[in-house]
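*Asks:* Quick one, start35.cif (mmCIF, C-alpha atoms (C1' of nucleotides)):
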data_data
#
loop_
_atom_site.label_atom_id
_atom_site.label_comp_id
_atom_site.auth_asym_id
_atom_site.auth_seq_id
_atom_site.Cartn_x
_atom_site.Cartn_y
_atom_site.Cartn_z
CA MET C 1 129.87 -155.50 162.53
CA TYR C 2 126.64 -153.55 162.85
CA ASN C 3 123.64 -155.78 163.44
CA LYS C 4 120.35 -153.95 162.95
CA GLY C 5 118.35 -156.76 164.53
CA THR C 6 120.34 -156.71 167.75
CA ALA C 7 120.27 -152.92 167.90
CA THR C 8 116.48 -152.86 167.58
CA ARG C 9 116.19 -155.54 170.22
CA THR C 10 118.39 -153.57 172.61
CA HIS C 11 116.39 -150.45 171.84
CA ILE C 12 113.16 -152.27 172.79
CA ILE C 13 114.70 -153.56 176.00
CA ASN C 14 115.86 -150.09 177.04
CA THR C 15 112.46 -148.60 176.25
CA ALA C 16 110.64 -151.32 178.17
CA ASN C 17 113.05 -150.96 181.08
CA ASN C 18 112.09 -147.31 181.52
CA LEU C 19 108.38 -147.90 181.07
CA PHE C 20 108.31 -150.79 183.55
CA TYR C 21 110.03 -148.53 186.05
CA HIS C 22 107.85 -145.48 185.46
CA GLN C 23 104.47 -147.18 184.98
CA GLY C 24 104.86 -150.65 186.47
CA PHE C 25 104.92 -153.95 184.58
CA ASN C 26 101.21 -154.66 184.35
CA GLN C 27 100.34 -151.03 183.63
CA THR C 28 102.68 -151.02 180.64
CA SER C 29 101.04 -152.40 177.49
CA PHE C 30 102.60 -153.70 174.32
CA THR C 31 101.23 -150.64 172.61
CA ASP C 32 103.03 -148.40 175.13
CA ILE C 33 106.34 -150.07 174.46
CA ALA C 34 105.89 -150.17 170.70
CA GLN C 35 104.88 -146.51 170.55
CA SER C 36 107.68 -145.34 172.85
CA ALA C 37 110.20 -147.34 170.88
CA GLY C 38 108.78 -146.08 167.58
CA ILE C 39 108.21 -149.58 166.29
CA PRO C 40 104.94 -150.88 164.81
CA LYS C 41 103.27 -153.52 166.93
CA GLY C 42 103.50 -156.15 164.21
CA ASN C 43 107.24 -155.78 163.89
CA PHE C 44 107.47 -155.80 167.62
CA TYR C 45 106.29 -159.40 167.81
CA HIS C 46 109.17 -160.39 165.59
CA TYR C 47 111.47 -159.71 168.55
CA PHE C 48 109.38 -160.65 171.55
CA LYS C 49 106.46 -163.06 171.68
CA THR C 50 105.23 -162.08 175.15
CA LYS C 51 105.64 -159.28 177.66
CA GLU C 52 107.18 -161.84 180.02
CA GLU C 53 110.02 -162.37 177.53
CA ILE C 54 110.74 -158.65 177.48
CA LEU C 55 110.83 -158.49 181.25
CA GLU C 56 113.25 -161.40 181.38
CA ASP C 57 115.60 -159.57 179.04
CA VAL C 58 115.14 -156.34 180.96
CA ILE C 59 116.16 -158.17 184.13
CA GLN C 60 119.20 -159.68 182.44
CA GLN C 61 120.25 -156.24 181.26
CA ARG C 62 119.83 -154.77 184.74
CA ILE C 63 121.89 -157.60 186.19
CA LYS C 64 124.68 -156.88 183.72
CA ASN C 65 124.60 -153.18 184.56
CA ILE C 66 124.84 -153.81 188.28
CA GLU C 67 127.60 -156.37 187.80
CA ASN C 68 129.55 -153.76 185.85
CA GLN C 69 128.95 -151.18 188.54
CA LEU C 70 130.13 -153.56 191.27
CA ASN C 71 133.17 -154.56 189.22
CA ASN C 72 134.06 -150.89 188.81
CA ILE C 73 133.93 -150.43 192.57
CA GLU C 74 136.22 -153.42 193.04
CA GLU C 75 138.79 -151.75 190.80
CA LEU C 76 138.91 -148.59 192.91
CA ASN C 77 141.48 -150.01 195.33
CA LEU C 78 139.32 -149.44 198.40
CA GLN C 79 139.02 -151.45 201.58
CA PRO C 80 135.96 -153.76 201.63
CA ALA C 81 134.09 -151.59 204.15
CA ASP C 82 134.76 -148.53 201.99
CA ARG C 83 133.42 -150.34 198.93
CA ILE C 84 130.16 -150.81 200.81
CA ARG C 85 130.09 -147.13 201.75
CA PHE C 86 130.86 -146.18 198.17
CA PHE C 87 128.02 -148.31 196.81
CA ILE C 88 125.47 -146.96 199.27
CA SER C 89 126.55 -143.34 198.84
CA ALA C 90 126.20 -143.72 195.09
CA LEU C 91 122.52 -144.54 195.56
CA LYS C 92 121.98 -140.92 196.51
CA ASN C 93 122.48 -140.06 192.84
CA ASN C 94 119.16 -141.76 192.13
CA LYS C 95 117.21 -139.95 194.83
CA ASN C 96 114.99 -138.06 192.38
CA GLY C 97 113.90 -141.23 190.63
CA PHE C 98 113.41 -143.05 193.93
CA ALA C 99 111.14 -140.30 195.28
CA GLN C 100 109.13 -140.19 192.06
CA TYR C 101 108.93 -143.86 191.02
CA GLY C 102 110.27 -145.94 193.89
CA CYS C 103 112.99 -148.55 193.51
CA PRO C 104 113.19 -150.04 189.99
CA VAL C 105 113.79 -153.47 191.51
CA GLY C 106 111.81 -153.30 194.75
CA SER C 107 108.70 -151.85 193.18
CA ILE C 108 108.53 -154.48 190.45
CA ILE C 109 109.09 -157.29 192.96
CA THR C 110 106.31 -155.88 195.14
CA GLU C 111 104.04 -155.77 192.10
CA LEU C 112 104.87 -159.21 190.72
CA GLY C 113 105.07 -160.81 194.17
CA LYS C 114 101.31 -160.79 194.51
CA THR C 115 100.21 -162.93 191.57
CA GLN C 116 103.13 -163.42 189.15
CA LEU C 117 105.54 -165.49 191.21
CA ALA C 118 107.65 -166.89 188.37
CA LEU C 119 108.54 -163.42 187.12
CA LYS C 120 109.02 -162.17 190.66
CA THR C 121 111.53 -164.95 191.35
CA LYS C 122 113.57 -163.82 188.36
CA SER C 123 113.46 -160.16 189.44
CA LYS C 124 114.54 -161.16 192.91
CA MET C 125 117.90 -162.26 191.50
CA ILE C 126 118.87 -158.59 191.24
CA LEU C 127 118.38 -158.10 194.98
CA GLU C 128 120.29 -161.29 195.71
CA LEU C 129 123.16 -160.16 193.50
CA ILE C 130 123.52 -156.96 195.52
CA GLN C 131 123.05 -158.62 198.89
CA ASN C 132 125.59 -161.32 198.07
CA TRP C 133 128.09 -158.68 197.03
CA LEU C 134 127.55 -156.76 200.27
CA SER C 135 127.91 -159.96 202.26
CA SER C 136 131.11 -160.77 200.40
CA GLN C 137 132.56 -157.36 201.31
CA PHE C 138 131.71 -157.88 204.98
CA GLN C 139 133.37 -161.29 204.88
CA GLN C 140 136.46 -159.79 203.27
CA SER C 141 136.54 -157.25 206.07
CA GLY C 142 136.74 -160.10 208.58
CA LYS C 143 133.12 -160.86 209.48
CA HIS C 144 131.90 -164.42 209.77
CA LYS C 145 129.61 -165.58 207.00
CA THR C 146 126.43 -165.66 209.08
CA THR C 147 127.16 -162.21 210.51
CA ALA C 148 127.94 -160.88 207.05
CA ASN C 149 124.64 -162.24 205.74
CA THR C 150 122.67 -160.61 208.56
CA LEU C 151 124.43 -157.27 208.12
CA SER C 152 123.96 -157.25 204.36
CA ARG C 153 120.30 -158.14 204.67
CA HIS C 154 119.84 -155.33 207.16
CA ILE C 155 121.32 -152.90 204.66
CA MET C 156 118.91 -154.13 201.99
CA VAL C 157 116.02 -153.65 204.41
CA ARG C 158 116.96 -150.08 205.19
CA ILE C 159 117.61 -149.12 201.59
CA GLN C 160 114.28 -150.56 200.45
CA GLY C 161 112.47 -149.00 203.39
CA ALA C 162 114.01 -145.60 202.78
CA ILE C 163 112.92 -145.73 199.14
CA VAL C 164 109.36 -146.85 199.94
CA ILE C 165 108.91 -143.99 202.42
CA ALA C 166 110.62 -141.40 200.19
CA HIS C 167 108.34 -142.53 197.35
CA ALA C 168 105.23 -142.48 199.55
CA TYR C 169 106.01 -138.97 200.79
CA GLU C 170 107.50 -137.84 197.46
CA ASP C 171 110.39 -136.51 199.53
CA LYS C 172 113.90 -137.21 198.33
CA SER C 173 115.54 -135.56 201.35
CA CYS C 174 113.97 -138.23 203.51
CA PHE C 175 115.85 -140.84 201.47
CA THR C 176 119.12 -138.96 201.80
CA GLU C 177 118.76 -138.59 205.56
CA GLU C 178 117.98 -142.26 206.09
CA ILE C 179 120.94 -143.25 203.93
CA ASN C 180 123.23 -140.99 205.95
CA GLN C 181 122.01 -142.69 209.13
CA LEU C 182 122.71 -146.03 207.48
CA LEU C 183 126.26 -144.94 206.64
CA GLU C 184 126.82 -144.01 210.27
CA TRP C 185 125.54 -147.40 211.34
CA ILE C 186 128.00 -149.05 208.94
CA ASP C 187 130.88 -147.06 210.39
CA LYS C 188 130.00 -148.47 213.79
CA GLU C 189 129.48 -152.04 212.59
CA ALA C 190 132.63 -152.06 210.47
CA SER C 191 134.75 -151.09 213.44
CA ASN C 192 133.30 -153.93 215.54
CA ALA C 193 135.93 -156.62 215.78
CA GLU C 194 134.84 -160.22 215.38
CA MET J 1 67.22 -151.42 212.20
CA TYR J 2 68.74 -153.72 209.61
CA ASN J 3 69.74 -151.96 206.44
CA LYS J 4 70.41 -154.37 203.61
CA GLY J 5 71.94 -151.71 201.42
CA THR J 6 74.60 -150.75 203.96
CA ALA J 7 75.38 -154.40 204.70
CA THR J 8 75.93 -155.13 201.01
CA ARG J 9 78.10 -152.06 200.69
CA THR J 10 80.23 -153.12 203.64
CA HIS J 11 80.44 -156.62 202.20
CA ILE J 12 81.75 -155.21 198.92
CA ILE J 13 84.32 -153.06 200.72
CA ASN J 14 85.62 -156.03 202.72
CA THR J 15 85.84 -158.18 199.61
CA ALA J 16 87.64 -155.46 197.66
CA ASN J 17 89.98 -154.82 200.56
CA ASN J 18 91.21 -158.42 200.47
CA LEU J 19 91.48 -158.55 196.69
CA PHE J 20 93.40 -155.28 196.49
CA TYR J 21 95.82 -156.66 199.05
CA HIS J 22 96.22 -160.09 197.46
CA GLN J 23 96.20 -159.10 193.78
CA GLY J 24 96.97 -155.38 193.71
CA PHE J 25 94.58 -152.57 192.77
CA ASN J 26 95.04 -152.55 189.01
CA GLN J 27 95.14 -156.32 188.78
CA THR J 28 91.76 -156.58 190.50
CA SER J 29 88.88 -156.16 188.05
CA PHE J 30 85.27 -155.25 188.74
CA THR J 31 84.40 -158.80 187.73
CA ASP J 32 86.81 -160.17 190.35
CA ILE J 33 85.19 -158.14 193.11
CA ALA J 34 81.64 -158.85 191.95
CA GLN J 35 82.30 -162.59 191.69
CA SER J 36 84.10 -162.82 195.03
CA ALA J 37 81.32 -160.85 196.70
CA GLY J 38 78.66 -162.93 194.96
CA ILE J 39 77.00 -159.89 193.44
CA PRO J 40 76.13 -159.45 189.75
CA LYS J 41 78.10 -156.75 188.03
CA GLY J 42 75.04 -154.70 187.18
CA ASN J 43 73.93 -154.53 190.79
CA PHE J 44 77.46 -153.70 191.72
CA TYR J 45 77.31 -150.37 189.96
CA HIS J 46 74.37 -149.43 192.11
CA TYR J 47 76.80 -149.14 195.02
CA PHE J 48 79.99 -147.93 193.39
CA LYS J 49 80.33 -146.03 190.14
CA THR J 50 84.09 -146.50 189.76
CA LYS J 51 86.88 -148.65 191.13
CA GLU J 52 88.42 -145.48 192.54
CA GLU J 53 85.35 -145.01 194.75
CA ILE J 54 85.74 -148.50 196.15
CA LEU J 55 89.38 -147.89 196.95
CA GLU J 56 88.53 -144.66 198.73
CA ASP J 57 86.07 -146.51 200.93
CA VAL J 58 88.55 -149.32 201.49
CA ILE J 59 91.08 -146.75 202.66
CA GLN J 60 88.55 -145.12 204.99
CA GLN J 61 87.76 -148.51 206.48
CA ARG J 62 91.44 -149.30 206.99
CA ILE J 63 91.93 -145.94 208.69
CA LYS J 64 89.07 -146.67 211.08
CA ASN J 65 90.51 -150.10 211.87
CA ILE J 66 93.94 -148.69 212.64
CA GLU J 67 92.48 -145.86 214.72
CA ASN J 68 90.60 -148.46 216.76
CA GLN J 69 93.75 -150.49 217.18
CA LEU J 70 95.74 -147.44 218.32
CA ASN J 71 92.96 -146.39 220.72
CA ASN J 72 92.98 -149.86 222.22
CA ILE J 73 96.70 -149.58 222.84
CA GLU J 74 96.19 -146.21 224.55
CA GLU J 75 93.75 -147.86 226.97
CA LEU J 76 96.28 -150.44 228.08
CA ASN J 77 97.83 -148.18 230.69
CA LEU J 78 101.33 -148.44 229.27
CA GLN J 79 104.12 -145.89 229.16
CA PRO J 80 104.43 -144.18 225.74
CA ALA J 81 107.61 -146.07 224.84
CA ASP J 82 105.90 -149.34 225.72
CA ARG J 83 102.94 -148.44 223.53
CA ILE J 84 105.37 -148.15 220.62
CA ARG J 85 106.89 -151.51 221.47
CA PHE J 86 103.44 -153.03 221.76
CA PHE J 87 102.38 -151.72 218.35
CA ILE J 88 105.52 -152.95 216.61
CA SER J 89 105.48 -156.35 218.31
CA ALA J 90 101.87 -156.82 217.22
CA LEU J 91 102.99 -156.53 213.59
CA LYS J 92 104.61 -159.93 213.97
CA ASN J 93 101.10 -161.43 213.97
CA ASN J 94 100.85 -160.46 210.30
CA LYS J 95 104.16 -161.99 209.27
CA ASN J 96 102.58 -164.68 207.07
CA GLY J 97 100.60 -162.14 205.07
CA PHE J 98 103.59 -159.80 204.82
CA ALA J 99 105.82 -162.56 203.44
CA GLN J 100 103.17 -163.64 200.93
CA TYR J 101 101.61 -160.34 199.81
CA GLY J 102 103.74 -157.54 201.20
CA CYS J 103 102.36 -154.65 203.24
CA PRO J 104 98.69 -153.89 202.49
CA VAL J 105 99.46 -150.17 202.66
CA GLY J 106 103.03 -150.01 201.36
CA SER J 107 102.40 -152.25 198.36
CA ILE J 108 99.38 -150.28 197.19
CA ILE J 109 101.23 -146.98 197.61
CA THR J 110 104.14 -148.35 195.61
CA GLU J 111 101.72 -149.45 192.90
CA LEU J 112 99.65 -146.26 192.76
CA GLY J 113 102.66 -144.00 193.25
CA LYS J 114 103.81 -144.58 189.68
CA THR J 115 100.86 -143.27 187.67
CA GLN J 116 97.82 -142.79 189.95
CA LEU J 117 98.96 -140.00 192.21
CA ALA J 118 95.54 -138.87 193.47
CA LEU J 119 94.71 -142.32 194.79
CA LYS J 120 98.21 -142.73 196.15
CA THR J 121 97.91 -139.51 198.13
CA LYS J 122 94.78 -140.85 199.80
CA SER J 123 96.43 -144.20 200.60
CA LYS J 124 99.38 -142.34 202.07
CA MET J 125 97.12 -141.01 204.84
CA ILE J 126 97.27 -144.45 206.46
CA LEU J 127 101.05 -144.24 206.75
CA GLU J 128 100.82 -140.70 208.08
CA LEU J 129 98.28 -141.76 210.68
CA ILE J 130 100.67 -144.38 212.03
CA GLN J 131 103.73 -142.18 211.85
CA ASN J 132 101.95 -139.31 213.61
CA TRP J 133 100.85 -141.66 216.37
CA LEU J 134 104.40 -142.94 216.80
CA SER J 135 105.72 -139.40 216.87
CA SER J 136 103.12 -138.46 219.46
CA GLN J 137 104.24 -141.32 221.70
CA PHE J 138 107.86 -140.22 221.42
CA GLN J 139 106.85 -136.68 222.32
CA GLN J 140 104.90 -137.93 225.31
CA SER J 141 107.99 -139.78 226.40
CA GLY J 142 109.90 -136.49 226.43
CA LYS J 143 111.40 -136.18 222.97
CA HIS J 144 111.36 -132.90 221.12
CA LYS J 145 108.99 -132.73 218.18
CA THR J 146 111.65 -132.75 215.48
CA THR J 147 113.45 -135.65 217.14
CA ALA J 148 110.17 -137.52 217.55
CA ASN J 149 109.39 -137.03 213.86
CA THR J 150 112.79 -138.34 212.79
CA LEU J 151 112.55 -141.35 215.10
CA SER J 152 109.03 -142.24 213.98
CA ARG J 153 109.96 -141.93 210.34
CA HIS J 154 112.92 -144.20 210.90
CA ILE J 155 110.60 -146.82 212.37
CA MET J 156 108.33 -146.57 209.32
CA VAL J 157 111.37 -147.02 207.06
CA ARG J 158 112.52 -150.15 208.84
CA ILE J 159 109.05 -151.70 209.01
CA GLN J 160 108.43 -151.10 205.31
CA GLY J 161 111.91 -152.31 204.41
CA ALA J 162 111.53 -155.46 206.48
CA ILE J 163 108.25 -156.25 204.73
CA VAL J 164 109.61 -155.59 201.24
CA ILE J 165 112.56 -157.92 201.82
CA ALA J 166 110.47 -160.60 203.59
CA HIS J 167 108.05 -160.45 200.66
CA ALA J 168 110.84 -160.56 198.07
CA TYR J 169 112.46 -163.56 199.74
CA GLU J 170 109.11 -165.09 200.82
CA ASP J 171 110.71 -165.48 204.24
CA LYS J 172 108.69 -164.46 207.28
CA SER J 173 111.52 -165.17 209.72
CA CYS J 174 113.50 -162.43 208.04
CA PHE J 175 110.70 -160.01 208.96
CA THR J 176 110.62 -161.22 212.56
CA GLU J 177 114.38 -160.86 212.95
CA GLU J 178 114.45 -157.35 211.58
CA ILE J 179 111.56 -156.35 213.84
CA ASN J 180 113.41 -157.74 216.85
CA GLN J 181 116.45 -155.64 215.90
CA LEU J 182 114.17 -152.65 215.60
CA LEU J 183 112.77 -153.28 219.09
CA GLU J 184 116.33 -153.34 220.46
CA TRP J 185 117.04 -150.05 218.72
CA ILE J 186 113.94 -148.54 220.34
CA ASP J 187 115.08 -149.69 223.78
CA LYS J 188 118.30 -147.78 223.24
CA GLU J 189 116.65 -144.65 221.81
CA ALA J 190 113.93 -144.54 224.45
CA SER J 191 116.52 -144.50 227.21
CA ASN J 192 118.39 -141.58 225.59
CA ALA J 193 117.62 -138.49 227.62
CA GLU J 194 116.85 -135.28 225.76
"C1'" DG Z 1 113.23 -157.60 158.76
"C1'" DT Z 2 109.29 -154.24 158.32
"C1'" DC Z 3 104.62 -152.98 158.48
"C1'" DT Z 4 99.17 -153.03 158.00
"C1'" DA Z 5 95.19 -154.96 159.16
"C1'" DT Z 6 92.61 -157.43 162.00
"C1'" DA Z 7 90.86 -161.23 165.17
"C1'" DC Z 8 89.67 -162.14 169.68
"C1'" DC Z 9 89.38 -161.34 174.55
"C1'" DT Z 10 88.82 -158.75 178.86
"C1'" DT Z 11 87.98 -154.48 180.80
"C1'" DG Z 12 85.17 -150.66 182.77
"C1'" DA Z 13 80.73 -149.03 182.30
"C1'" DT Z 14 75.53 -148.58 180.96
"C1'" DA Z 15 70.57 -149.45 179.72
"C1'" DG Z 16 66.69 -151.05 181.06
"C1'" DA Z 17 63.47 -155.06 182.50
"C1'" DC Z 18 62.02 -156.90 186.82
"C1'" DG D 1 67.35 -152.88 195.12
"C1'" DT D 2 68.35 -156.85 191.83
"C1'" DC D 3 69.76 -158.76 187.61
"C1'" DT D 4 70.59 -159.68 182.29
"C1'" DA D 5 72.30 -158.17 178.29
"C1'" DT D 6 75.22 -155.45 176.03
"C1'" DC D 7 78.57 -151.67 174.55
"C1'" DA D 8 82.85 -149.28 173.45
"C1'" DA D 9 87.63 -149.20 174.44
"C1'" DG D 10 91.76 -151.18 175.00
"C1'" DG D 11 94.52 -155.34 175.61
"C1'" DT D 12 97.26 -159.41 173.60
"C1'" DA D 13 98.32 -161.75 169.70
"C1'" DT D 14 98.43 -163.28 164.65
"C1'" DA D 15 98.26 -163.42 159.44
"C1'" DG D 16 100.23 -162.16 155.70
"C1'" DA D 17 101.72 -158.46 152.14
"C1'" DC D 18 105.92 -156.08 151.26
#
Would you write the structure of this file as structure tokens?
*Replies:*
Amino acid sequence: MYNKGTATRTHIINTANNLFYHQGFNQTSFTDIAQSAGIPKGNFYHYFKTKEEILEDVIQQRIKNIENQLNNIEELNLQPADRIRFFISALKNNKNGFAQYGCPVGSIITELGKTQLALKTKSKMILELIQNWLSSQFQQSGKHKTTANTLSRHIMVRIQGAIVIAHAYEDKSCFTEEINQLLEWIDKEASNAE
Amino acid sequence: MYNKGTATRTHIINTANNLFYHQGFNQTSFTDIAQSAGIPKGNFYHYFKTKEEILEDVIQQRIKNIENQLNNIEELNLQPADRIRFFISALKNNKNGFAQYGCPVGSIITELGKTQLALKTKSKMILELIQNWLSSQFQQSGKHKTTANTLSRHIMVRIQGAIVIAHAYEDKSCFTEEINQLLEWIDKEASNAE
DNA sequence: GTCTATACCTTGATAGAC
DNA sequence: GTCTATCAAGGTATAGAC
């Protein structure tokens, strides 16, 4: 059953998602979102009372997308260590966006982390989702829990760092090279018995 | 000879520097800076015509500070590889600020990199200054230029990544641990002959 | 559910008296 | 060099007709 209201709402969330990524949260106004979505401002408030509400829905949508992506990887019949490699290699598909706009998650956390802690905490859940999944793969490959947590955090650090530097230098090849180094590091760590 | 005008100007730059770090550039208004500095807004415009101008001076001041810091390290009579270790270890003194506000340089580049490219390019000079110094140390320790550039960039990646994650998780120990891992990595790389 | 009009506030920026 | 008063633009948010 087609539900116009839900479709409009989803349309707003998708529009806001892109604008938050490309312009930042605070630099994106209601007017920006309404205009990009092709919806008059008045109607807009029928769906969302505040910009915070939109961000919360944007985060929920991103979480769903990443969960789907991770579930798809799980269905590929790979070994846990290869799932990790697959996930990280797939990031290279986003290299253009990373070099131009930074990480959709990392950049918004950096922005909100200064003065909007409640919203930042919610955004942080996306990072935790990914790190927990990585840690789970390491544990399935035989690592102890504490080791798996350290390794997965280290991967997060290097991914975020590679994106920050690629964005700063507007150089996507720098992201690719750092990710390839990271993949080599994983090969070494994965073969370490424990 | 005491020059009131210059002192006021410096006072404004220092105030703005802190506010840009703690609140972000776009989230810091003229009123914020004027109030924090204890200067009426009207007088304020006597010193700076636009917020962009203030940022440019803030960046220049940060560059001078870092140049001083690097020069001090050079005077310590250390081997090049030890200068690198010294610089990176010293970052641990800032761990509280990193966990609470992120990297003063990285976070502003991430913010400005989305829609204010001219200002971002100027901020980026701070990163380049540090990376060039690191690369120079590697070259002095016998590495080839291209190798030195890759190694220094990798250090920048891991520092920025460690700060982003420490900031996201509001966990300074996470920064310290990643920096310690980085120092171990440097020990290994420095001993590699070339 | 859709849209227009508008109220109210904060922002960057200026004019001009002292 | 210092300060008050003020402006125009743009922001969030609402009221209410359709």
*Asks:* I'd like the neighbourhood of D:DA5 as number ranges by chain, where a residue qualifies if any of its atoms comes within 10 Å (using all atoms listed in the file), though same-chain residues fewer than 6 positions away should be ignored.
*Replies:* J: 42; Z: 15-16
*Asks:* Return the neighbours of chain J among the residues of chain D, cut-off 10 Å, counting all atoms listed in the file, as an MDAnalysis selection string.
*Replies:* chainID D and resid 1:5
*Asks:* Could you please determine the separation between atom CA of J:Ser123 and atom CA of C:Cys174 in Å, to one decimal place?
*Replies:* 18.8 Å
*Asks:* Expressed in Å to a single decimal, how great is the separation between atom CA of C:Arg153 and atom CA of J:Ile109?
*Replies:*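 It comes out at 23.2 Å.
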*Asks:* Taking only residues of chain D that have an atom at most 9 Å from an atom of stretch 1-14 of chain Z, what is each one's shortest atom pair and its distance in Å to one decimal, using all atoms listed in the file, in chain and number order, as a tab-separated table?
*Replies:*
residue	atom	partner	partner_atom	distance
D:DT6	C1'	Z:DT14	C1'	8.5
D:DC7	C1'	Z:DT14	C1'	7.7
D:DA9	C1'	Z:DT11	C1'	8.3
D:DG10	C1'	Z:DT11	C1'	7.7
D:DG11	C1'	Z:DT10	C1'	7.4
D:DT12	C1'	Z:DC9	C1'	8.2
D:DA13	C1'	Z:DC8	C1'	8.7
D:DT14	C1'	Z:DA7	C1'	7.9
D:DA15	C1'	Z:DT6	C1'	8.6
D:DA17	C1'	Z:DT4	C1'	8.4
D:DC18	C1'	Z:DC3	C1'	8.0
*Asks:* Please produce a file of those selected residues containing C-alpha atoms (C1' of nucleotides), as an mmCIF file, in the frame of the given file.
*Replies:*
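The file below, out33.cif, is the result:
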data_model
loop_
_atom_site.group_PDB
_atom_site.id
_atom_site.type_symbol
_atom_site.label_atom_id
_atom_site.label_comp_id
_atom_site.auth_asym_id
_atom_site.auth_seq_id
_atom_site.Cartn_x
_atom_site.Cartn_y
_atom_site.Cartn_z
ATOM 1 C "C1'" DT D 6 75.220 -155.450 176.030
ATOM 2 C "C1'" DC D 7 78.570 -151.670 174.550
ATOM 3 C "C1'" DA D 9 87.630 -149.200 174.440
ATOM 4 C "C1'" DG D 10 91.760 -151.180 175.000
ATOM 5 C "C1'" DG D 11 94.520 -155.340 175.610
ATOM 6 C "C1'" DT D 12 97.260 -159.410 173.600
ATOM 7 C "C1'" DA D 13 98.320 -161.750 169.700
ATOM 8 C "C1'" DT D 14 98.430 -163.280 164.650
ATOM 9 C "C1'" DA D 15 98.260 -163.420 159.440
ATOM 10 C "C1'" DA D 17 101.720 -158.460 152.140
ATOM 11 C "C1'" DC D 18 105.920 -156.080 151.260
#
*Asks:* So which residues touch C:Phe25 within 8 Å, counting only C-alpha atoms (C1' of nucleotides), skipping near sequence neighbours fewer than 6 positions away, as JSON, numbers by chain?
*Replies:* {"C": [19, 108, 111]}
*Asks:* Just give me the gap between atom CA of C:Leu151 and atom CA of C:Ser135 in Å, one decimal is fine.
*Replies:*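 So the answer is 7.3 Å.
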*Asks:* Taking only residues of chain J that have an atom at most 9 Å from an atom of chain Z, what is each one's shortest atom pair and its distance in Å to one decimal, using only C-alpha atoms (C1' of nucleotides), in chain and number order, as a tab-separated table?
*Replies:*
residue	atom	partner	partner_atom	distance
J:Ser29	CA	Z:DT11	C1'	7.5
J:Phe30	CA	Z:DG12	C1'	7.5
J:Thr31	CA	Z:DT11	C1'	8.9
J:Gly42	CA	Z:DT14	C1'	8.7
J:Tyr45	CA	Z:DA13	C1'	8.5
J:Lys49	CA	Z:DA13	C1'	8.4
J:Thr50	CA	Z:DG12	C1'	8.2
J:Lys51	CA	Z:DG12	C1'	8.8
*Asks:* I would like the residues chosen by the PyMOL selection byres ((chain J) within 8 of (chain C)) on the shown file; could you give them as JSON, numbers by chain?
*Replies:* {"J": [22, 23, 24, 26, 27, 100, 101, 102, 106, 107, 109, 110, 111, 113, 114, 115, 120, 124, 154, 156, 157, 158, 159, 160, 161, 162, 164, 165, 167, 168, 169, 178]}
*Asks:* Give me the residues near C:Gly38 as an mmCIF file with C-alpha atoms, in the frame of the given file, where near means some atom within 10 Å (using only C-alpha atoms (C1' of nucleotides)) and where sequence neighbours in that chain fewer than 4 positions away do not count.
*Replies:*
data_model
loop_
_atom_site.group_PDB
_atom_site.id
_atom_site.type_symbol
_atom_site.label_atom_id
_atom_site.label_comp_id
_atom_site.auth_asym_id
_atom_site.auth_seq_id
_atom_site.Cartn_x
_atom_site.Cartn_y
_atom_site.Cartn_z
ATOM 1 C CA HIS C 11 116.390 -150.450 171.840
ATOM 2 C CA ILE C 12 113.160 -152.270 172.790
ATOM 3 C CA THR C 15 112.460 -148.600 176.250
ATOM 4 C CA ASP C 32 103.030 -148.400 175.130
ATOM 5 C CA ILE C 33 106.340 -150.070 174.460
ATOM 6 C CA ALA C 34 105.890 -150.170 170.700
ATOM 7 C CA PHE C 44 107.470 -155.800 167.620
#
*Asks:* Quick one: which residues end up in the PyMOL selection byres ((chain J and resi 189) around 12) for this structure, as a count of residues only?
*Replies:* 26
*Asks:* From the block you just saw, export stretch 41-56 of chain J: C-alpha atoms, as a PDB file, in the first residue's frame.
*Replies:*
ATOM      1  CA  LYS J  41      31.494  44.552  18.850  1.00  0.00           C
ATOM      2  CA  GLY J  42      31.894  47.958  17.260  1.00  0.00           C
ATOM      3  CA  ASN J  43      35.471  48.282  18.427  1.00  0.00           C
ATOM      4  CA  PHE J  44      36.053  44.767  17.277  1.00  0.00           C
ATOM      5  CA  TYR J  45      35.581  45.705  13.650  1.00  0.00           C
ATOM      6  CA  HIS J  46      38.357  48.215  14.001  1.00  0.00           C
ATOM      7  CA  TYR J  47      40.772  45.278  14.168  1.00  0.00           C
ATOM      8  CA  PHE J  48      39.159  42.683  11.929  1.00  0.00           C
ATOM      9  CA  LYS J  49      36.738  43.286   9.093  1.00  0.00           C
ATOM     10  CA  THR J  50      35.619  39.663   8.705  1.00  0.00           C
ATOM     11  CA  LYS J  51      35.721  36.406  10.604  1.00  0.00           C
ATOM     12  CA  GLU J  52      37.855  35.010   7.800  1.00  0.00           C
ATOM     13  CA  GLU J  53      40.551  37.566   8.623  1.00  0.00           C
ATOM     14  CA  ILE J  54      40.602  36.450  12.237  1.00  0.00           C
ATOM     15  CA  LEU J  55      40.966  32.830  11.228  1.00  0.00           C
ATOM     16  CA  GLU J  56      43.850  33.684   8.929  1.00  0.00           C
TER      17      GLU J  56
END
